[in-house]
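Undergrad: My file is input_37.tsv. It has TSV, C-alpha atoms:
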chain	number	residue	atom	x	y	z
A	1	MET	CA	-51.78	-46.76	-81.00
A	2	SER	CA	-50.17	-49.54	-79.04
A	3	LYS	CA	-52.15	-51.29	-76.27
A	4	PRO	CA	-50.28	-51.28	-72.94
A	5	ASN	CA	-49.38	-54.69	-71.58
A	6	THR	CA	-51.57	-54.51	-68.48
A	7	LEU	CA	-50.45	-57.86	-67.14
A	8	LEU	CA	-46.81	-56.84	-67.27
A	9	ILE	CA	-47.52	-53.47	-65.68
A	10	ALA	CA	-49.50	-55.13	-62.89
A	11	LEU	CA	-46.76	-57.64	-62.28
A	12	VAL	CA	-44.10	-54.96	-62.15
A	13	GLY	CA	-46.28	-52.98	-59.73
A	14	LEU	CA	-46.63	-56.07	-57.53
A	15	LEU	CA	-42.90	-56.61	-57.72
A	16	ALA	CA	-42.25	-53.06	-56.58
A	17	LEU	CA	-44.67	-53.47	-53.67
A	18	SER	CA	-43.04	-56.76	-52.70
A	19	VAL	CA	-39.60	-55.19	-52.74
A	20	LEU	CA	-40.86	-52.37	-50.55
A	21	ALA	CA	-42.43	-54.82	-48.13
A	22	SER	CA	-39.20	-56.84	-48.06
A	23	ILE	CA	-37.21	-53.75	-47.13
A	24	VAL	CA	-39.63	-52.83	-44.34
A	25	LEU	CA	-39.68	-56.39	-42.99
A	26	CYS	CA	-35.89	-56.57	-43.13
A	27	ILE	CA	-35.67	-53.41	-41.02
A	28	PHE	CA	-38.16	-54.86	-38.50
A	29	TYR	CA	-36.24	-58.12	-38.35
A	30	ILE	CA	-32.85	-56.45	-37.88
A	31	ARG	CA	-34.25	-54.27	-35.09
A	32	ALA	CA	-35.81	-57.28	-33.35
A	33	VAL	CA	-32.54	-59.23	-33.57
A	34	GLY	CA	-30.66	-56.22	-32.23
A	35	LEU	CA	-33.03	-55.94	-29.29
A	36	ALA	CA	-32.68	-59.64	-28.47
A	37	GLN	CA	-28.90	-59.41	-28.73
A	38	THR	CA	-28.86	-56.43	-26.37
A	39	LEU	CA	-30.85	-58.34	-23.76
A	40	GLN	CA	-28.86	-61.58	-24.04
A	41	PRO	CA	-25.70	-60.55	-22.08
A	42	GLU	CA	-27.81	-58.93	-19.38
A	43	GLU	CA	-29.81	-62.12	-19.02
A	44	GLN	CA	-26.62	-64.22	-18.78
A	45	ARG	CA	-25.16	-61.89	-16.16
A	46	LEU	CA	-28.30	-62.06	-14.04
A	47	GLU	CA	-28.50	-65.83	-14.45
A	48	ALA	CA	-24.97	-66.20	-13.08
A	49	LYS	CA	-25.86	-63.88	-10.21
A	50	LEU	CA	-28.99	-65.86	-9.47
A	51	MET	CA	-26.96	-69.06	-9.34
A	52	LEU	CA	-24.76	-67.48	-6.67
A	53	VAL	CA	-27.86	-66.36	-4.79
A	54	ASN	CA	-29.26	-69.89	-4.82
A	55	ARG	CA	-25.93	-71.34	-3.72
A	56	ASN	CA	-25.72	-68.90	-0.81
A	57	ARG	CA	-29.31	-69.63	0.15
A	58	SER	CA	-28.67	-73.35	0.19
A	59	ILE	CA	-25.58	-72.83	2.37
A	60	VAL	CA	-27.55	-70.74	4.86
A	61	ARG	CA	-30.41	-73.27	4.79
A	62	SER	CA	-27.91	-75.97	5.62
A	63	MET	CA	-26.57	-73.85	8.47
A	64	VAL	CA	-30.09	-73.41	9.79
A	65	ASP	CA	-30.70	-77.16	9.61
A	66	ASP	CA	-27.48	-77.87	11.47
A	67	ALA	CA	-28.32	-75.29	14.11
A	68	LEU	CA	-31.79	-76.78	14.58
A	69	GLU	CA	-30.29	-80.24	14.83
A	70	TYR	CA	-27.79	-78.95	17.39
A	71	SER	CA	-30.60	-77.34	19.39
A	72	LYS	CA	-31.96	-80.84	20.07
A	73	ARG	CA	-28.75	-81.62	21.97
A	74	ASN	CA	-28.04	-78.22	23.47
A	75	ALA	CA	-30.86	-75.83	24.26
A	76	ALA	CA	-28.40	-72.97	24.74
A	77	ILE	CA	-28.74	-72.14	21.07
A	78	ASP	CA	-32.52	-71.80	21.34
A	79	PRO	CA	-32.56	-68.05	22.13
A	80	LEU	CA	-30.50	-67.44	19.03
A	81	LEU	CA	-32.85	-69.50	16.89
A	82	GLN	CA	-35.87	-67.83	18.45
A	83	GLN	CA	-34.33	-64.45	17.76
A	84	PHE	CA	-34.31	-65.32	14.07
A	85	SER	CA	-37.79	-66.87	14.23
A	86	LEU	CA	-36.41	-70.27	13.38
A	87	LYS	CA	-37.84	-71.84	16.46
A	88	PRO	CA	-41.09	-70.94	18.19
A	89	LYS	CA	-40.72	-69.16	21.50
A	90	PRO	CA	-41.96	-71.18	24.46
A	91	THR	CA	-45.39	-69.95	25.45
A	92	ALA	CA	-45.47	-68.88	29.05
A	93	ALA	CA	-48.09	-70.61	31.12
A	94	ALA	CA	-51.09	-68.36	31.44
A	95	PRO	CA	-51.72	-67.20	35.01
A	96	VAL	CA	-54.74	-68.79	36.52
A	97	ARG	CA	-57.26	-66.07	37.06
A	98	PRO	CA	-59.63	-66.29	39.95
A	99	ALA	CA	-63.16	-67.17	39.01
A	100	GLY	CA	-65.56	-64.29	38.70
A	101	HIS	CA	-63.13	-61.96	36.81
B	102	MET	CA	-41.67	-45.07	-85.65
B	103	GLU	CA	-43.32	-46.83	-82.76
B	104	ASP	CA	-41.36	-48.75	-80.26
B	105	PRO	CA	-42.05	-52.38	-81.09
B	106	LEU	CA	-41.57	-53.46	-77.47
B	107	SER	CA	-44.33	-51.23	-76.18
B	108	SER	CA	-46.98	-52.51	-78.55
B	109	PRO	CA	-48.41	-55.77	-77.37
B	110	ASP	CA	-50.99	-56.20	-80.06
B	111	ASP	CA	-49.65	-58.60	-82.61
B	112	SER	CA	-51.48	-57.04	-85.55
B	113	THR	CA	-50.32	-53.55	-84.65
B	114	LEU	CA	-46.86	-54.79	-84.04
B	115	GLU	CA	-46.72	-56.56	-87.34
B	116	SER	CA	-48.22	-53.65	-89.24
B	117	SER	CA	-45.73	-51.26	-87.74
B	118	LEU	CA	-42.78	-53.49	-88.10
B	119	LEU	CA	-43.47	-55.56	-91.09
B	120	ASN	CA	-44.60	-53.61	-94.05
B	121	PRO	CA	-44.46	-55.56	-96.19
B	122	PRO	CA	-44.05	-58.62	-93.98
B	123	THR	CA	-41.06	-60.73	-94.68
B	124	ALA	CA	-39.96	-64.01	-93.17
B	125	SER	CA	-37.25	-62.44	-91.03
B	126	SER	CA	-39.55	-59.72	-89.70
B	127	ARG	CA	-42.16	-62.33	-88.78
B	128	GLU	CA	-39.47	-64.23	-86.87
B	129	LEU	CA	-38.52	-61.00	-85.09
B	130	ALA	CA	-42.11	-60.37	-84.09
B	131	ALA	CA	-42.43	-63.91	-82.78
B	132	SER	CA	-39.22	-63.47	-80.81
B	133	ILE	CA	-40.53	-60.28	-79.25
B	134	ARG	CA	-43.77	-62.02	-78.32
B	135	ASP	CA	-41.82	-64.84	-76.74
B	136	LEU	CA	-39.60	-62.41	-74.90
B	137	ARG	CA	-42.60	-60.58	-73.53
B	138	ARG	CA	-44.15	-63.81	-72.29
B	139	LEU	CA	-40.85	-64.80	-70.76
B	140	LEU	CA	-40.60	-61.42	-69.01
B	141	CYS	CA	-44.12	-61.82	-67.64
B	142	VAL	CA	-43.35	-65.27	-66.32
B	143	THR	CA	-40.05	-64.11	-64.80
B	144	VAL	CA	-41.66	-61.14	-63.06
B	145	ALA	CA	-44.48	-63.35	-61.79
B	146	LEU	CA	-41.96	-65.83	-60.41
B	147	LEU	CA	-40.02	-63.00	-58.81
B	148	VAL	CA	-43.20	-61.71	-57.18
B	149	LEU	CA	-43.92	-65.20	-55.84
B	150	LEU	CA	-40.38	-65.55	-54.53
B	151	LEU	CA	-40.53	-62.18	-52.81
B	152	ALA	CA	-43.92	-63.01	-51.34
B	153	ALA	CA	-42.48	-66.19	-49.83
B	154	LEU	CA	-39.48	-64.26	-48.53
B	155	ASN	CA	-41.78	-61.65	-47.01
B	156	VAL	CA	-43.85	-64.28	-45.24
B	157	TYR	CA	-40.67	-65.84	-43.85
B	158	LEU	CA	-39.28	-62.49	-42.76
B	159	PHE	CA	-42.57	-61.55	-41.12
B	160	HIS	CA	-42.62	-64.78	-39.10
B	161	GLN	CA	-38.99	-64.41	-38.10
B	162	ALA	CA	-39.41	-60.80	-37.06
B	163	ARG	CA	-42.48	-61.70	-35.00
B	164	LEU	CA	-40.64	-64.62	-33.39
B	165	MET	CA	-37.67	-62.41	-32.55
B	166	ARG	CA	-39.92	-59.75	-31.03
B	167	ARG	CA	-41.64	-62.38	-28.92
B	168	GLN	CA	-38.30	-63.81	-27.77
B	169	ALA	CA	-37.04	-60.36	-26.89
B	170	SER	CA	-40.22	-59.70	-24.94
B	171	VAL	CA	-39.90	-63.00	-23.02
B	172	LEU	CA	-36.23	-62.24	-22.35
B	173	GLY	CA	-37.16	-58.81	-21.04
B	174	GLN	CA	-39.72	-60.32	-18.68
B	175	GLN	CA	-37.21	-62.90	-17.43
B	176	ILE	CA	-34.64	-60.18	-16.82
B	177	GLU	CA	-37.19	-58.17	-14.89
B	178	GLU	CA	-38.14	-61.16	-12.71
B	179	MET	CA	-34.52	-62.13	-12.07
B	180	GLN	CA	-33.63	-58.55	-11.18
B	181	LYS	CA	-36.56	-58.44	-8.79
B	182	ALA	CA	-35.47	-61.68	-7.12
B	183	ILE	CA	-31.88	-60.47	-6.79
B	184	ASP	CA	-32.98	-57.10	-5.42
B	185	ASP	CA	-35.18	-58.84	-2.88
B	186	TYR	CA	-32.29	-61.08	-1.90
B	187	GLU	CA	-29.90	-58.17	-1.50
B	188	THR	CA	-32.28	-55.98	0.49
B	189	ASN	CA	-33.95	-58.61	2.68
B	190	GLY	CA	-32.01	-61.86	2.49
B	191	VAL	CA	-28.42	-60.69	2.80
B	192	PRO	CA	-28.76	-58.63	6.02
B	193	TRP	CA	-30.64	-61.49	7.69
B	194	MET	CA	-28.04	-64.04	6.55
B	195	ASP	CA	-25.20	-61.76	7.68
B	196	ARG	CA	-26.66	-61.35	11.14
B	197	PHE	CA	-27.52	-65.02	11.45
B	198	SER	CA	-24.08	-66.12	10.33
B	199	LEU	CA	-22.41	-63.65	12.71
B	200	GLU	CA	-24.53	-64.82	15.65
B	201	LEU	CA	-23.79	-68.44	14.88
B	202	ARG	CA	-20.06	-67.73	14.76
B	203	ARG	CA	-20.27	-65.94	18.08
B	204	PHE	CA	-22.16	-68.85	19.53
B	205	ALA	CA	-19.57	-71.23	18.10
B	206	ASP	CA	-16.85	-69.21	19.85
B	207	ALA	CA	-18.55	-69.83	23.17
B	208	HIS	CA	-19.45	-73.46	22.45
B	209	PRO	CA	-16.60	-75.49	20.99
B	210	ASP	CA	-18.88	-78.44	20.21
B	211	PHE	CA	-20.90	-76.20	17.91
B	212	ALA	CA	-17.67	-74.86	16.39
B	213	SER	CA	-17.09	-78.28	14.90
B	214	VAL	CA	-20.50	-78.01	13.22
B	215	MET	CA	-19.70	-74.54	11.92
B	216	SER	CA	-16.35	-75.64	10.59
B	217	LYS	CA	-18.22	-77.18	7.68
B	218	TYR	CA	-18.94	-73.72	6.38
B	219	PRO	CA	-15.89	-71.96	5.06
B	220	LEU	CA	-15.35	-68.28	5.70
B	221	PRO	CA	-16.39	-65.80	4.53
B	222	ALA	CA	-19.85	-67.11	5.10
B	223	SER	CA	-21.30	-63.73	4.44
B	224	PRO	CA	-23.60	-63.86	1.44
B	225	ARG	CA	-22.53	-60.31	0.62
B	226	GLY	CA	-19.69	-61.91	-1.25
B	227	LEU	CA	-22.20	-62.13	-4.05
B	228	THR	CA	-22.16	-58.45	-4.74
B	229	ALA	CA	-18.58	-57.66	-3.85
B	230	PRO	CA	-15.69	-60.06	-3.67
B	231	THR	CA	-14.30	-58.36	-0.58
B	232	VAL	CA	-16.60	-58.41	2.36
B	233	PRO	CA	-17.16	-54.96	3.91
B	234	ALA	CA	-15.67	-54.49	7.36
B	235	ALA	CA	-19.07	-53.90	8.96
B	236	THR	CA	-20.37	-57.26	7.89
B	237	THR	CA	-17.25	-59.37	8.03
B	238	VAL	CA	-17.37	-62.39	10.17
B	239	PRO	CA	-14.49	-62.40	12.64
B	240	THR	CA	-11.85	-64.78	11.44
B	241	ALA	CA	-11.25	-65.82	15.01
B	242	ALA	CA	-14.59	-67.56	14.85
B	243	LYS	CA	-13.20	-70.03	12.41
B	244	PRO	CA	-11.80	-72.99	14.24
B	245	ALA	CA	-8.18	-73.66	13.51
B	246	PRO	CA	-7.60	-76.83	11.54
B	247	PRO	CA	-5.93	-79.60	13.49
B	248	ALA	CA	-2.18	-79.42	13.22
B	249	LYS	CA	-1.49	-83.07	13.57
B	250	LYS	CA	-2.15	-85.46	10.71
Starting from the file, lay out its structure as structure tokens.
TA:
Amino acid sequence: MSKPNTLLIALVGLLALSVLASIVLCIFYIRAVGLAQTLQPEEQRLEAKLMLVNRNRSIVRSMVDDALEYSKRNAAIDPLLQQFSLKPKPTAAAPVRPAGH
Amino acid sequence: MEDPLSSPDDSTLESSLLNPPTASSRELAASIRDLRRLLCVTVALLVLLLAALNVYLFHQARLMRRQASVLGQQIEEMQKAIDDYETNGVPWMDRFSLELRRFADAHPDFASVMSKYPLPASPRGLTAPTVPAATTVPTAAKPAPPAKK
């Protein structure tokens, strides 16, 4: 009776397992790449939007700075700035209470 | 007759194949032995190659998953910032811009300051190219450019 080549059988078994693992890993990899590719355009779209947001914010900040600068020359703009909490409201002088109260 | 390829034992192989042993049959047996060794080495090399490929694929898949996760988090944060801007920042900016334009209408010296900011100043332009009528800044607020050169 012939003796089976155990080494060869073991190697072929290992090979089969490796091929199986390769297939599973390939599927994982393809799914991960697909997920990343799905998210990429969304991220680019939001990045562009965020750039616009930052640009608009800087414009408004500049407007606020100019308005505050203008308020140093003309106090007529102060109520407007106070309305938007950009300038503290003048604190009214507290009435002097008579002693004993 | 036994299959000579399935019998690894040299003595068995020779007894089954070579009876009586001749020079050519001995050469054949040696060739089969060599072939078997070669097959073992090839399969072993293939296993090693596949193992290396698997390690590489595993690392790549993990890296991709991590990148996708980071990307997802970034998207979530950006969306949150944009939502906050659109719900809180834009109405405030619209009102502020409108009030400033009104003030500029009444104060020509401030109009020159406001002329630096082109219309539409409404930040709602971010979400829609055309500014809605409710939030549009009156065009009259924009100072007319000087006609003379």
Undergrad: Just need the residues of chain A within 6 Å of chain B, counting only C-alpha atoms, so spit them out as number ranges by chain.
TA: A: 2-3, 5, 8, 15, 18, 22, 29, 32, 36, 43, 56
Undergrad: Which of these, A:Arg55, A:Leu35, A:Leu68, A:Leu17, has the shortest distance to Gln82 in chain A once you count all atoms listed in the file?
TA: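 Distance minimum relative to Gln82 in chain A lands on A:Leu68.
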Undergrad: Can you work out the spacing between CA of Lys87 in chain A and CA of Asn189 in chain B in Å, to one decimal?
TA: 19.5 Å
Undergrad: Go through A:Gln44, A:Leu14, A:Leu81, A:Ile27 and flag the residue nearest Met63 in chain A, using all atoms listed in the file for the distances.
TA: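 Counting all atoms listed in the file, the residue closest to Met63 in chain A is A:Leu81.
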Undergrad: Kindly give the distance, in Å, that separates CA of Leu50 in chain A and CA of Arg203 in chain B, rounded to a single decimal.
TA: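 If I compute the distance from CA of Leu50 in chain A to CA of Arg203 in chain B, I get 28.9 Å.
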Undergrad: I'd like the interatomic distance between CA of Leu86 in chain A and CA of Asp66 in chain A, to a tenth of an Å.
TA: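 We find that CA of Leu86 in chain A and CA of Asp66 in chain A lie 11.9 Å from each other.
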